[in-house]
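Here the structure comes first, spelled out in structure tokens, and everything after it is commentary.
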Amino acid sequence: MVFVFGLMAIALLLFASERMRLDQVGMFVPVCLLLSGVLTPEQAVSGLSSPATVTVAAMLVLGMGLRKTGVVAEIGTWARTARLGPPVMRLFILCVVVAVLSPFLNNTAVVVVFLPVFMSLAEQADEPASTYLMPLSFVAILAGTVTLIGTSTNLIVHGMAVERGLDDLSMFSIAPLGLIYLAVGFLYLFTIGRRLIPRREQPPDLSGKYDVRRFLTELSVNVDSPSTGRTLGDLGWGERYGVSVLGIERGEHDIPAPGARRYIQPGDVLYVQGTADRLLLLARQQRLATPTVRTRRELNLSTEGGRLVEVMVGPGSALAGRTLRDERFAQRYDATVLAVQHHGVTVHERLADMRFHVGDLLLVHGPGEALERLADEPAFVPMGEVRGPAEDRPRAGVAVLIMAGVVLAAGTGIIGILTAGLVGVAIMVFSGCVRLDEIYSELDWMVVFLLAGLIPLGIALDETGAAAYIAAGLVEFTSSWGPVGMIAAFYVVTAVLTAVVSNAATAVMLTPVAIIAAGEAGMNPYALLVAVMFGASASFVTPFGYQTNVMIYSPGGYKFSDFMRVGGPLNLLLLITAIIFIPIFWPS
């Protein structure tokens with residue numbers, strides 16, 4: 001028991017510190033439990049075949065099918081162009097659209113699609129993006145509580161409960177409470193909350209936002225320079241020196257936004273951007289000279305052949321947890337990263353060695369064609385209009401029918417959620433709505449392996465008696481408060497943990513505790529399971545408790561305290577809502 005508690009504490013610290021990827025921590029946990037003898041090999045790998053893990057993966061594939069066939073994009077296009085009245089009414093209607101989609105699609109995927117839409121609408125209304133993005137994230141989180149498939153947390157709790165013989169929850173069992181939750185959230189966000197949401201004004205252009213209005217250093221290429229006759233990609237100056245070549249003057253011709261395949265020739269004048277020490281090192285080692293008859297010109301990144309765009313590191317991106325050097329970004333995408341915003345802080349130096357996280361914003365410079373290819377990568381979310389024409393895959397109606405069939409079959413109890421999800425995935429694949437190579441390359445495997453690694457921790461809590469120990473303490477602590485006190489305790493503990501660590505990890509650790517505590521207190525176990533579900537989704541007080549909050553943090557220009565100011569009262573309202581209605585819907 002002591003070993004399991006120690007391992008759990010280490011995992012929580014690693015989750016909170018972000019020093020390791022979540023899936024790395026998830027893989028680390030079962031290996032430690034296996035080597036220590038706490039779990040058998042079969043138990044250590046049981047997370048891979050857990051109904052919760054498989055169901056989450058199936059729902060991610062179904063959502064991918066809707067995205068790949070253009071269903072979600074069409075909704076986003078309509079939202080961008082439809083005449084919906086004044087700005088506040090437009091915001092309300094679009095939040096309703098998000099609330100309709102999030103119970104059936106992964107809410108992170110919904111925010112990925114609607115983030116550029118909401119930013120565009122804020123620009124059209126001449127409003128700061130901060131006034132639009134927080135409602136987007138919060139509504140997506142709230143709407144995910146309406147069904148069991150609305151968020152991976154619900155599926156985790158349900159799957160772990162089923163494995164312990166508690167299978168009375170169906171697709172829409174939590175819908176009554178979820179809809180009340182959603183109504184309370186809407187009422188708050190468009191009344192008191194709207195006045196609390198900050199107006200974080202951003203500079204009018206990307207150069208100002210990232211503070212890249214600097215002067216170019218002009219370096220001429222000598223005949224004896226080792227860079228002569230080599231491409232910029234081969235030279236890798238971004239990775240080696242931390243500088244960016246933004247233009248080349250060759251005789252009477254200018255070459256804006258030179259790509260990685262551009263060769264350097266003697267006599268070229270390179271327009272290079274970087275810090276003074278890095279530029280001096282580059283000039284010395286590559287034998288580059290400063291022209292004596294020229295003057296430095298102001299940086300112009302919007303030339304005819306070059307463009308400046310902002311993209312976000314999206315969920316499932318291969319860049320998450322890696323560096324530009326690891327990914328050979330400049331060579332792969334033929335574009336240059338000029339600056340990065342990480343948790344609201346702008347970084348200009350040593351970008352090649354910086355490890356990226358989901359939600360980081362990249363300021364990228366390059367030719368239009370290269371930027372369109374970059375925007376088409378599922379790993380990146382463009383913050384503006386960059387995308388080229390969507391792939392022609394006229395099966396949107398088929399994808400909608402498949403998803404509707406899955407929801408109907410699972411909702412009516414004809415078949416279980418897991419079975420319905422797997423059948424839906426099979427039909428999606430065989431109908432061509434989504435391809436197998438897309439599943440392999442684009443599925444958010446981090447979520448899958450995180451669950452596969454953490455579910456054995458829940459087993460270890462059971463096996464060693466650690467869950468019973470925690471449950472006994474909670475029962476004793478709340479004994480004088482009755483069932484309402486127990487529900488409040490589980491909700492608060494879950495909400496506090498999920499504010500600083502992964503909500504999936506929180507659900508895995510507290511689900512077995514909730515089941516045991518309910519048995520000892522003589523309560524309806526579903527009351528505590530639902531408290532864990534809804535508490536794990538109460539991620540409003542920090543920008544890092546839920547992935548959708550991470551994604552809006554930098555684009556909205558928020559500060560950490562903004563989430564406390566807006567999310568704190570919302571959390572309190574939702575706690576009161578849970579305490580009132582959970583005992584009504586799941587009486588003991």
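The way I read the labels, and the way they are meant: chains A, B, ... in the order of the structure tokens, residue 1 as the first residue of every chain, and ligand 1 as the first ligand shown, with later ones counted on from there.
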
### Who sits within 9 Å of Leu418 (chain A), only C-alpha atoms, same chain under 4 positions skipped, as an MDAnalysis selection string
chainID A and resid 51:52 54:56 58 410 422:423

Please produce a file of the residues just selected, as a compact mmCIF listing (two decimals), in the first residue's frame, where the atoms kept are C-alpha atoms.
# COMPACT_ATOMS: atom_id res chain seq x y z
CA PRO A 51 -13.51 -1.56 -22.17
CA ALA A 52 -12.80 2.05 -21.19
CA VAL A 54 -11.18 0.53 -26.34
CA THR A 55 -14.37 2.60 -26.15
CA VAL A 56 -12.42 5.87 -25.96
CA ALA A 58 -13.50 3.87 -30.92
CA ALA A 410 -26.23 2.49 -27.41
CA LEU A 422 -16.63 -1.00 -32.56
CA VAL A 423 -19.38 -1.70 -35.11

### Query
as an MDAnalysis selection string, which residues of region 416-524 of chain A does DSSP assign to alpha helix (DSSP H)?
chainID A and resid 417:430 436:442 445:463 466:477 482:500 503:521

Would you mind listing what lies within 7 Å of Val311 (chain A) as a PDB file with N, CA and C atoms, in the first residue's frame, with only C-alpha atoms counted and same-chain residues fewer than 6 positions away left out?
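Saved as out_37.pdb:
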ATOM      1  N   LEU A 361       1.657  28.211 -29.498  1.00  0.00           N
ATOM      2  CA  LEU A 361       1.451  28.917 -30.761  1.00  0.00           C
ATOM      3  C   LEU A 361       2.790  29.149 -31.451  1.00  0.00           C
ATOM      4  N   LEU A 362       2.841  28.876 -32.751  1.00  0.00           N
ATOM      5  CA  LEU A 362       4.054  29.059 -33.536  1.00  0.00           C
ATOM      6  C   LEU A 362       3.812  30.163 -34.568  1.00  0.00           C
ATOM      7  N   LEU A 363       4.703  31.135 -34.632  1.00  0.00           N
ATOM      8  CA  LEU A 363       4.682  32.135 -35.693  1.00  0.00           C
ATOM      9  C   LEU A 363       5.589  31.622 -36.800  1.00  0.00           C
ATOM     10  N   PHE A 380      -1.366  20.474 -36.680  1.00  0.00           N
ATOM     11  CA  PHE A 380      -1.368  21.909 -36.452  1.00  0.00           C
ATOM     12  C   PHE A 380      -2.749  22.504 -36.720  1.00  0.00           C
ATOM     13  N   VAL A 381      -3.110  23.473 -35.903  1.00  0.00           N
ATOM     14  CA  VAL A 381      -4.393  24.153 -36.039  1.00  0.00           C
ATOM     15  C   VAL A 381      -4.115  25.581 -36.481  1.00  0.00           C
ATOM     16  N   PRO A 382      -4.470  25.954 -37.736  1.00  0.00           N
ATOM     17  CA  PRO A 382      -4.219  27.332 -38.187  1.00  0.00           C
ATOM     18  C   PRO A 382      -5.160  28.300 -37.499  1.00  0.00           C
ATOM     19  N   MET A 383      -4.608  29.432 -37.053  1.00  0.00           N
ATOM     20  CA  MET A 383      -5.415  30.437 -36.363  1.00  0.00           C
ATOM     21  C   MET A 383      -6.097  31.395 -37.326  1.00  0.00           C
TER      22      MET A 383
END

Within 10 Å of region 467-477 of chain A, counting only C-alpha atoms, which residues qualify if same-chain residues fewer than 3 places away don't, as a PDB file with C-alpha atoms, in the first residue's frame?
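Now in selection.pdb:
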ATOM      1  CA  MET A   1       0.000   0.000   0.000  1.00  0.00           C
ATOM      2  CA  PHE A   5       0.770   5.598  -2.563  1.00  0.00           C
ATOM      3  CA  GLY A 458      -6.754   1.501 -10.285  1.00  0.00           C
ATOM      4  CA  ILE A 459      -6.330  -2.274 -10.007  1.00  0.00           C
ATOM      5  CA  ALA A 460      -3.334  -1.772  -7.704  1.00  0.00           C
ATOM      6  CA  LEU A 461      -5.384   0.513  -5.464  1.00  0.00           C
ATOM      7  CA  ASP A 462      -7.916  -2.325  -5.153  1.00  0.00           C
ATOM      8  CA  GLU A 463      -5.414  -5.151  -4.745  1.00  0.00           C
ATOM      9  CA  THR A 464      -3.319  -3.526  -2.009  1.00  0.00           C
ATOM     10  CA  SER A 480     -21.892  13.423  10.253  1.00  0.00           C
ATOM     11  CA  TRP A 481     -22.919  14.997   6.944  1.00  0.00           C
ATOM     12  CA  GLY A 482     -24.739  12.024   5.444  1.00  0.00           C
ATOM     13  CA  PRO A 483     -24.924  11.188   1.703  1.00  0.00           C
ATOM     14  CA  GLY A 485     -21.591  15.379   2.508  1.00  0.00           C
ATOM     15  CA  MET A 486     -20.077  12.298   0.865  1.00  0.00           C
ATOM     16  CA  ALA A 489     -16.454  15.473  -0.640  1.00  0.00           C
ATOM     17  CA  PHE A 490     -15.919  13.334  -3.747  1.00  0.00           C
ATOM     18  CA  MET A 509      -7.621   6.867  -9.020  1.00  0.00           C
ATOM     19  CA  LEU A 510     -10.952   7.892  -7.508  1.00  0.00           C
ATOM     20  CA  THR A 511     -13.380   5.476  -9.208  1.00  0.00           C
ATOM     21  CA  PRO A 512     -12.404   2.400  -7.128  1.00  0.00           C
ATOM     22  CA  VAL A 513     -12.375   4.582  -4.003  1.00  0.00           C
ATOM     23  CA  ALA A 514     -15.906   5.825  -4.773  1.00  0.00           C
ATOM     24  CA  ILE A 515     -17.257   2.286  -5.211  1.00  0.00           C
ATOM     25  CA  ILE A 516     -15.765   1.057  -1.942  1.00  0.00           C
ATOM     26  CA  ALA A 517     -16.833   4.202  -0.051  1.00  0.00           C
ATOM     27  CA  ALA A 518     -20.400   3.827  -1.275  1.00  0.00           C
ATOM     28  CA  GLY A 519     -20.485   0.252   0.003  1.00  0.00           C
ATOM     29  CA  GLU A 520     -19.150   1.214   3.426  1.00  0.00           C
ATOM     30  CA  ALA A 521     -21.525   4.172   3.766  1.00  0.00           C
TER      31      ALA A 521
END

### Residues near Gly65 (chain A), cut-off 12 Å, only C-alpha atoms, skip fewer than 2 positions along chain, as a PyMOL selection string
chain A and resi 58-63+67-73+105+109+393-403+424-436+438-439+442-443

Give me a file of those residues, with N, CA and C atoms, as a short mmCIF file (atom, residue, chain, number, x, y, z; two decimals), in the first residue's frame.
data_model
loop_
_atom_site.label_atom_id
_atom_site.label_comp_id
_atom_site.auth_asym_id
_atom_site.auth_seq_id
_atom_site.Cartn_x
_atom_site.Cartn_y
_atom_site.Cartn_z
N ALA A 58 -12.44 3.98 -29.90
CA ALA A 58 -13.50 3.87 -30.92
C ALA A 58 -14.19 5.21 -31.14
N MET A 59 -14.47 5.92 -30.06
CA MET A 59 -15.14 7.22 -30.19
C MET A 59 -14.24 8.25 -30.87
N LEU A 60 -12.94 8.17 -30.63
CA LEU A 60 -12.02 9.06 -31.32
C LEU A 60 -12.02 8.79 -32.83
N VAL A 61 -12.11 7.53 -33.22
CA VAL A 61 -12.14 7.18 -34.64
C VAL A 61 -13.46 7.66 -35.27
N LEU A 62 -14.56 7.49 -34.56
CA LEU A 62 -15.85 7.95 -35.10
C LEU A 62 -15.83 9.47 -35.31
N GLY A 63 -15.27 10.19 -34.35
CA GLY A 63 -15.14 11.64 -34.51
C GLY A 63 -14.24 12.00 -35.67
N ARG A 67 -14.90 14.33 -39.11
CA ARG A 67 -14.02 15.41 -39.54
C ARG A 67 -13.49 15.18 -40.95
N LYS A 68 -13.09 13.93 -41.24
CA LYS A 68 -12.50 13.64 -42.53
C LYS A 68 -13.49 13.77 -43.68
N THR A 69 -14.75 13.52 -43.42
CA THR A 69 -15.76 13.65 -44.48
C THR A 69 -16.27 15.07 -44.60
N GLY A 70 -15.77 15.98 -43.77
CA GLY A 70 -16.12 17.38 -43.90
C GLY A 70 -17.35 17.82 -43.15
N VAL A 71 -17.94 16.94 -42.33
CA VAL A 71 -19.17 17.30 -41.63
C VAL A 71 -18.91 18.46 -40.66
N VAL A 72 -17.90 18.31 -39.82
CA VAL A 72 -17.63 19.34 -38.81
C VAL A 72 -17.13 20.62 -39.48
N ALA A 73 -16.32 20.48 -40.54
CA ALA A 73 -15.81 21.67 -41.23
C ALA A 73 -16.95 22.46 -41.87
N LEU A 105 -19.20 14.19 -29.87
CA LEU A 105 -17.84 14.21 -30.39
C LEU A 105 -16.89 14.53 -29.25
N ALA A 109 -11.76 17.86 -30.02
CA ALA A 109 -11.87 17.97 -31.48
C ALA A 109 -12.82 19.09 -31.88
N ARG A 393 -14.26 14.05 -50.46
CA ARG A 393 -14.65 12.75 -49.92
C ARG A 393 -16.15 12.81 -49.60
N PRO A 394 -16.99 12.65 -50.66
CA PRO A 394 -18.42 12.91 -50.50
C PRO A 394 -19.15 11.80 -49.76
N ARG A 395 -18.81 11.61 -48.49
CA ARG A 395 -19.49 10.59 -47.69
C ARG A 395 -19.97 11.17 -46.37
N ALA A 396 -20.20 12.47 -46.35
CA ALA A 396 -20.59 13.13 -45.10
C ALA A 396 -21.89 12.55 -44.57
N GLY A 397 -22.85 12.32 -45.46
CA GLY A 397 -24.14 11.75 -45.03
C GLY A 397 -23.97 10.37 -44.42
N VAL A 398 -23.07 9.57 -45.00
CA VAL A 398 -22.82 8.23 -44.47
C VAL A 398 -22.23 8.32 -43.07
N ALA A 399 -21.28 9.23 -42.88
CA ALA A 399 -20.65 9.37 -41.57
C ALA A 399 -21.66 9.81 -40.51
N VAL A 400 -22.54 10.73 -40.87
CA VAL A 400 -23.57 11.19 -39.94
C VAL A 400 -24.51 10.04 -39.58
N LEU A 401 -24.90 9.24 -40.56
CA LEU A 401 -25.80 8.10 -40.30
C LEU A 401 -25.12 7.07 -39.39
N ILE A 402 -23.84 6.82 -39.61
CA ILE A 402 -23.12 5.86 -38.77
C ILE A 402 -23.08 6.35 -37.33
N MET A 403 -22.72 7.62 -37.13
CA MET A 403 -22.65 8.17 -35.78
C MET A 403 -24.03 8.16 -35.12
N GLY A 424 -19.49 0.73 -35.29
CA GLY A 424 -19.42 2.00 -36.01
C GLY A 424 -18.07 2.23 -36.66
N VAL A 425 -16.99 1.88 -35.95
CA VAL A 425 -15.64 2.04 -36.51
C VAL A 425 -15.47 1.16 -37.74
N ALA A 426 -15.94 -0.09 -37.64
CA ALA A 426 -15.82 -1.01 -38.78
C ALA A 426 -16.54 -0.47 -40.01
N ILE A 427 -17.75 0.04 -39.81
CA ILE A 427 -18.52 0.58 -40.94
C ILE A 427 -17.85 1.84 -41.48
N MET A 428 -17.31 2.69 -40.59
CA MET A 428 -16.60 3.88 -41.04
C MET A 428 -15.43 3.51 -41.95
N VAL A 429 -14.68 2.49 -41.57
CA VAL A 429 -13.51 2.09 -42.34
C VAL A 429 -13.92 1.47 -43.68
N PHE A 430 -14.88 0.55 -43.64
CA PHE A 430 -15.25 -0.16 -44.88
C PHE A 430 -16.06 0.71 -45.83
N SER A 431 -16.66 1.78 -45.32
CA SER A 431 -17.39 2.69 -46.21
C SER A 431 -16.47 3.79 -46.75
N GLY A 432 -15.24 3.84 -46.29
CA GLY A 432 -14.29 4.83 -46.79
C GLY A 432 -14.39 6.18 -46.12
N CYS A 433 -15.16 6.30 -45.05
CA CYS A 433 -15.25 7.59 -44.35
C CYS A 433 -13.93 7.95 -43.67
N VAL A 434 -13.22 6.95 -43.23
CA VAL A 434 -11.91 7.16 -42.64
C VAL A 434 -11.02 5.99 -43.05
N ARG A 435 -9.76 6.29 -43.33
CA ARG A 435 -8.84 5.24 -43.80
C ARG A 435 -7.98 4.74 -42.65
N LEU A 436 -7.52 3.51 -42.78
CA LEU A 436 -6.70 2.92 -41.73
C LEU A 436 -5.40 3.69 -41.51
N GLU A 438 -4.98 6.78 -41.81
CA GLU A 438 -5.31 7.99 -41.05
C GLU A 438 -5.47 7.68 -39.57
N ILE A 439 -6.05 6.53 -39.28
CA ILE A 439 -6.19 6.13 -37.88
C ILE A 439 -4.82 5.94 -37.25
N GLU A 442 -3.08 9.68 -37.25
CA GLU A 442 -3.72 10.88 -36.72
C GLU A 442 -4.49 10.67 -35.43
N LEU A 443 -4.76 9.44 -35.03
CA LEU A 443 -5.48 9.21 -33.79
C LEU A 443 -4.67 9.74 -32.60
#

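Minimum atom-to-atom distance to Val111 (chain A), evaluated using only C-alpha atoms, belongs to A:Ser137 out of A:Ser50, A:Thr542, A:Gln124, A:Ser137.
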
### Query
Between CA of Leu371 (chain A) and CA of Ser244 (chain A), what is the spacing in Å?
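A separation of 16.2 Å between them.
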
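Coordinates place CA of Ala44 (chain A) at a distance of 28.0 Å from CA of Ser170 (chain A).
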
### Task
Compare A:Thr53, A:Thr577, A:Thr40, A:Thr478 by their minimum atom-to-atom distance to Gly421 (chain A), counting only C-alpha atoms, and give me the closest one.
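Distance minimum relative to Gly421 (chain A) lands on A:Thr53.
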
### Query
When you draw a straight line from CA of Val448 (chain A) to CA of Leu34 (chain A), how long is it in Å?
19.7 Å
